Each structure stands twice: as structure tokens, then as C-alpha cells.
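*Asks:* The following block contains the structure, expressed as C-alpha cells.
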Amino acid sequence: MLIRYKKSFEKIAMGLLSFMPKERELKKLQQTMHIYEENPGWQLYLWKKGDDFVGLLGVEVEEGFFTVHHVSVNPSHRGEGIGHAMVEKIQQIMQGREMRATKDTEPFLKKCPEKKAEL
Ligand SMILES: CC(C)(COP(=O)(O)OP(=O)(O)OC[C@H]1O[C@@H](n2cnc3c(N)ncnc32)[C@H](O)[C@@H]1OP(=O)(O)O)[C@@H](O)C(=O)NCCC(=O)NCCS
């Protein structure tokens, strides 16, 4: 289940975000969290499995498209299809906007089946 981030999820979100190669340093991590908290166009989502948050997906939403800046899954739950499930779900939530990747998220997003916009 993909759930929109709120402040009470901050610690678990930072933990999941830190699995992104460029987010390992605390200072960078805090800056990134600040971007998501301050900009309405930047949206963070968490994947809940049972009682635990095990995945994170962060997007920047713009007119007609959205960019996936962050995607990560707790190492104990990798290879279970959670990454793919989060990408599929965000495409539904974004309602037909084109999905774009960054250099950091492209390798995984390329593996996810493209859901073309149904305009
Ligand atoms: C990338 C990541 C989110 C995938 O999550 P996941 O829940 O394990 O993914 P799924 O179970 O849905 O899919 C597994 C598939 O993705 C592939 N995959 C995993 N990491 C990948 C990566 N960095 N680049 C490309 N493919 C990747 C696996 O090899 C596997 O492929 P297969 O089905 O052909 O065997 C997870 O490995 C992770 O958190 N990595 C660290 C953070 C990161 O580097 N994010 C950016 C990735 S570009």
C-alpha cells in the first residue's frame, strides 16, 4: 500500500532514503527531506507492508509529467516486487502524466513496464 508521507514518518523515511547512493550523508539527507517538506510539487510516498514501512518513492510533479527522484526498498525486502509495485501505483496516482527518471533512478525505472498515459 502506497501512503503519502507525513512528518510523523520522518525517521523511517530518512532511513529508507539513505539507501539511495547519493543520500548516504546525513547533511544531504536532511537537505533532501527539507525539499520534500517545503515544496508542494515534491511528493514523498512510503510503501507499507503489514505494520512496517519498507519502501520509499519520491517524485516531483509538474504540468503533464512527473520525475521520480528517489526509489528505495529496505534490503530485507528487495526482490519481492515492491519497487515495481510502487512505480505502478504512482503511475495510477499521477493520472496519465508522463513518468520521467533521473540519472539516479533510470536504471531501475527502465526495468519497469511503461504505463502510457490514457488521455
Ligand atoms: C532499486 C530498488 C528500489 C528495487 O527494489 P525491489 O523491491 O528489490 O525491486 P523489485 O523486486 O520490484 O524488482 C527487482 C528487479 O529490479 C532489479 N534491480 C534492482 N536494483 C536495480 C538497479 N539499481 N538498477 C536496475 N535494476 C535493478 C533487480 O535486478 C530485479 O530484476 P529481475 O526481476 O530482472 O531479477 C532496490 O534495489 C533499492 O532500494 N536499491 C537501493 C536504492 C537505489 O539505488 N535506488 C535507485 C535505483 S536506480
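Residue numbering restarts at 1 in every chain; chains get A, B, ... in the order shown in the C-alpha cells, and ligands count up from 1 in that same order.
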Env of range 84-97 of chain A: 9 Å cut, atoms = only C-alpha atoms, seq-sep filter 3 positions within chain, self excluded. Answer as an NGL selection string.
*Replies:* :A and (1-2 or 45-47 or 55-57 or 59 or 61-66 or 68 or 71 or 80-81 or 108-109 or 111-119)
*Asks:* How would you write, as an mmCIF file with C-alpha atoms, in the first residue's frame, the set of residues no farther than 8 Å from ligand 1 when counting only C-alpha atoms and all ligand atoms?
*Replies:*
data_model
loop_
_atom_site.group_PDB
_atom_site.id
_atom_site.type_symbol
_atom_site.label_atom_id
_atom_site.label_comp_id
_atom_site.auth_asym_id
_atom_site.auth_seq_id
_atom_site.Cartn_x
_atom_site.Cartn_y
_atom_site.Cartn_z
ATOM 1 C CA LEU A 16 14.782 4.402 3.540
ATOM 2 C CA LEU A 17 16.055 7.428 1.624
ATOM 3 C CA PHE A 19 19.686 3.592 0.686
ATOM 4 C CA MET A 20 19.937 5.891 -2.356
ATOM 5 C CA PRO A 21 23.654 6.112 -3.207
ATOM 6 C CA GLY A 55 9.809 1.223 0.624
ATOM 7 C CA HIS A 70 14.092 8.596 -5.330
ATOM 8 C CA VAL A 71 13.145 4.922 -5.152
ATOM 9 C CA SER A 72 14.362 2.585 -2.447
ATOM 10 C CA VAL A 73 13.383 -0.587 -0.646
ATOM 11 C CA ASN A 74 14.626 -1.959 2.673
ATOM 12 C CA PRO A 75 17.325 -4.553 1.815
ATOM 13 C CA HIS A 77 12.501 -6.867 1.334
ATOM 14 C CA ARG A 78 14.254 -6.475 -2.016
ATOM 15 C CA GLY A 79 13.375 -8.773 -4.869
ATOM 16 C CA GLU A 80 9.765 -9.131 -3.685
ATOM 17 C CA GLY A 81 8.351 -6.829 -6.368
ATOM 18 C CA ILE A 82 7.870 -3.838 -4.043
ATOM 19 C CA GLY A 83 9.907 -1.483 -6.247
ATOM 20 C CA HIS A 84 7.808 -2.390 -9.285
ATOM 21 C CA ALA A 85 4.585 -2.130 -7.265
ATOM 22 C CA LYS A 103 20.239 9.562 -13.816
ATOM 23 C CA ASP A 104 19.943 8.050 -10.330
ATOM 24 C CA THR A 105 16.608 6.305 -10.863
ATOM 25 C CA GLU A 106 16.772 5.472 -14.569
ATOM 26 C CA PRO A 107 18.436 2.036 -14.313
ATOM 27 C CA PHE A 108 15.577 0.643 -12.220
ATOM 28 C CA LEU A 109 12.754 2.581 -13.915
ATOM 29 C CA LYS A 110 13.894 1.237 -17.283
ATOM 30 C CA LYS A 111 13.031 -2.204 -15.943
#
*Asks:* From range 17-119 of chain A, collect each residue whose DSSP state is strand (DSSP E or B) and return the set as a PyMOL selection string.
*Replies:* chain A and resi 42-49+52-62+65-73+98-101
*Asks:* Can you measure CA of Ile3 in chain A to CA of Gly50 in chain A for me? One decimal in Å is fine.
*Replies:*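 It comes out at 12.7 Å.
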*Asks:* Taking 4 positions as the minimum chain separation for residues in the same chain, which residues sit within 12 Å of Met33 in chain A when counting only C-alpha atoms? Answer as a PDB file with N, CA and C atoms, in the first residue's frame.
*Replies:*
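Dumped everything to result33.pdb:
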ATOM      1  N   TYR A   5       3.600  10.621   2.535  1.00  0.00           N
ATOM      2  CA  TYR A   5       4.451  10.970   3.682  1.00  0.00           C
ATOM      3  C   TYR A   5       3.801  12.012   4.585  1.00  0.00           C
ATOM      4  N   LYS A   6       3.989  11.847   5.889  1.00  0.00           N
ATOM      5  CA  LYS A   6       3.701  12.942   6.817  1.00  0.00           C
ATOM      6  C   LYS A   6       4.829  13.010   7.849  1.00  0.00           C
ATOM      7  N   LYS A   7       4.871  14.131   8.560  1.00  0.00           N
ATOM      8  CA  LYS A   7       6.004  14.422   9.452  1.00  0.00           C
ATOM      9  C   LYS A   7       6.297  13.292  10.451  1.00  0.00           C
ATOM     10  N   PHE A   9       6.362  10.308   9.985  1.00  0.00           N
ATOM     11  CA  PHE A   9       7.114   9.224   9.329  1.00  0.00           C
ATOM     12  C   PHE A   9       8.566   9.642   9.037  1.00  0.00           C
ATOM     13  N   GLU A  10       8.993  10.789   9.574  1.00  0.00           N
ATOM     14  CA  GLU A  10      10.272  11.361   9.146  1.00  0.00           C
ATOM     15  C   GLU A  10      11.458  10.404   9.318  1.00  0.00           C
ATOM     16  N   LYS A  11      11.551   9.780  10.491  1.00  0.00           N
ATOM     17  CA  LYS A  11      12.738   8.943  10.750  1.00  0.00           C
ATOM     18  C   LYS A  11      12.789   7.733   9.817  1.00  0.00           C
ATOM     19  N   ILE A  12      11.661   7.068   9.655  1.00  0.00           N
ATOM     20  CA  ILE A  12      11.653   5.891   8.787  1.00  0.00           C
ATOM     21  C   ILE A  12      11.898   6.311   7.325  1.00  0.00           C
ATOM     22  N   ALA A  13      11.364   7.480   6.954  1.00  0.00           N
ATOM     23  CA  ALA A  13      11.579   7.960   5.577  1.00  0.00           C
ATOM     24  C   ALA A  13      13.066   8.248   5.355  1.00  0.00           C
ATOM     25  N   MET A  14      13.710   8.869   6.338  1.00  0.00           N
ATOM     26  CA  MET A  14      15.142   9.161   6.182  1.00  0.00           C
ATOM     27  C   MET A  14      15.954   7.871   6.103  1.00  0.00           C
ATOM     28  N   GLY A  15      15.562   6.892   6.876  1.00  0.00           N
ATOM     29  CA  GLY A  15      16.255   5.605   6.836  1.00  0.00           C
ATOM     30  C   GLY A  15      16.153   4.970   5.453  1.00  0.00           C
ATOM     31  N   LEU A  16      14.981   5.002   4.868  1.00  0.00           N
ATOM     32  CA  LEU A  16      14.782   4.402   3.540  1.00  0.00           C
ATOM     33  C   LEU A  16      15.491   5.226   2.458  1.00  0.00           C
ATOM     34  N   LEU A  17      15.409   6.543   2.599  1.00  0.00           N
ATOM     35  CA  LEU A  17      16.055   7.428   1.624  1.00  0.00           C
ATOM     36  C   LEU A  17      17.569   7.219   1.610  1.00  0.00           C
ATOM     37  N   SER A  18      18.133   6.870   2.765  1.00  0.00           N
ATOM     38  CA  SER A  18      19.587   6.732   2.867  1.00  0.00           C
ATOM     39  C   SER A  18      20.128   5.538   2.066  1.00  0.00           C
ATOM     40  N   GLU A  23      22.442   9.712  -1.064  1.00  0.00           N
ATOM     41  CA  GLU A  23      21.793  10.223   0.154  1.00  0.00           C
ATOM     42  C   GLU A  23      22.395   9.610   1.414  1.00  0.00           C
ATOM     43  N   LEU A  26      24.377  12.431   6.201  1.00  0.00           N
ATOM     44  CA  LEU A  26      23.253  12.988   6.953  1.00  0.00           C
ATOM     45  C   LEU A  26      22.855  14.379   6.464  1.00  0.00           C
ATOM     46  N   LYS A  27      23.847  15.198   6.166  1.00  0.00           N
ATOM     47  CA  LYS A  27      23.543  16.569   5.742  1.00  0.00           C
ATOM     48  C   LYS A  27      22.745  16.585   4.434  1.00  0.00           C
ATOM     49  N   LYS A  28      23.161  15.775   3.484  1.00  0.00           N
ATOM     50  CA  LYS A  28      22.472  15.682   2.191  1.00  0.00           C
ATOM     51  C   LYS A  28      21.047  15.154   2.395  1.00  0.00           C
ATOM     52  N   LEU A  29      20.953  14.165   3.267  1.00  0.00           N
ATOM     53  CA  LEU A  29      19.661  13.547   3.578  1.00  0.00           C
ATOM     54  C   LEU A  29      18.696  14.583   4.155  1.00  0.00           C
ATOM     55  N   GLU A  37       9.536  18.480   2.172  1.00  0.00           N
ATOM     56  CA  GLU A  37       8.613  19.070   3.147  1.00  0.00           C
ATOM     57  C   GLU A  37       8.186  20.480   2.758  1.00  0.00           C
ATOM     58  N   GLU A  38       9.049  21.198   2.037  1.00  0.00           N
ATOM     59  CA  GLU A  38       8.756  22.610   1.752  1.00  0.00           C
ATOM     60  C   GLU A  38       8.081  22.859   0.407  1.00  0.00           C
ATOM     61  N   ASN A  39       8.236  21.940  -0.541  1.00  0.00           N
ATOM     62  CA  ASN A  39       7.712  22.190  -1.890  1.00  0.00           C
ATOM     63  C   ASN A  39       6.517  21.296  -2.194  1.00  0.00           C
ATOM     64  N   TRP A  42       6.889  18.527  -4.737  1.00  0.00           N
ATOM     65  CA  TRP A  42       7.722  17.361  -4.412  1.00  0.00           C
ATOM     66  C   TRP A  42       6.938  16.492  -3.440  1.00  0.00           C
ATOM     67  N   GLN A  43       6.715  15.254  -3.828  1.00  0.00           N
ATOM     68  CA  GLN A  43       5.859  14.391  -3.010  1.00  0.00           C
ATOM     69  C   GLN A  43       6.570  13.087  -2.666  1.00  0.00           C
ATOM     70  N   LEU A  44       6.484  12.748  -1.399  1.00  0.00           N
ATOM     71  CA  LEU A  44       7.140  11.540  -0.904  1.00  0.00           C
ATOM     72  C   LEU A  44       6.061  10.528  -0.516  1.00  0.00           C
ATOM     73  N   GLY A  58       9.963   8.974  -4.194  1.00  0.00           N
ATOM     74  CA  GLY A  58       9.837  10.431  -4.164  1.00  0.00           C
ATOM     75  C   GLY A  58       9.742  10.993  -5.566  1.00  0.00           C
ATOM     76  N   HIS A  70      13.604   9.584  -6.304  1.00  0.00           N
ATOM     77  CA  HIS A  70      14.092   8.596  -5.330  1.00  0.00           C
ATOM     78  C   HIS A  70      13.216   7.350  -5.350  1.00  0.00           C
TER      79      HIS A  70
END
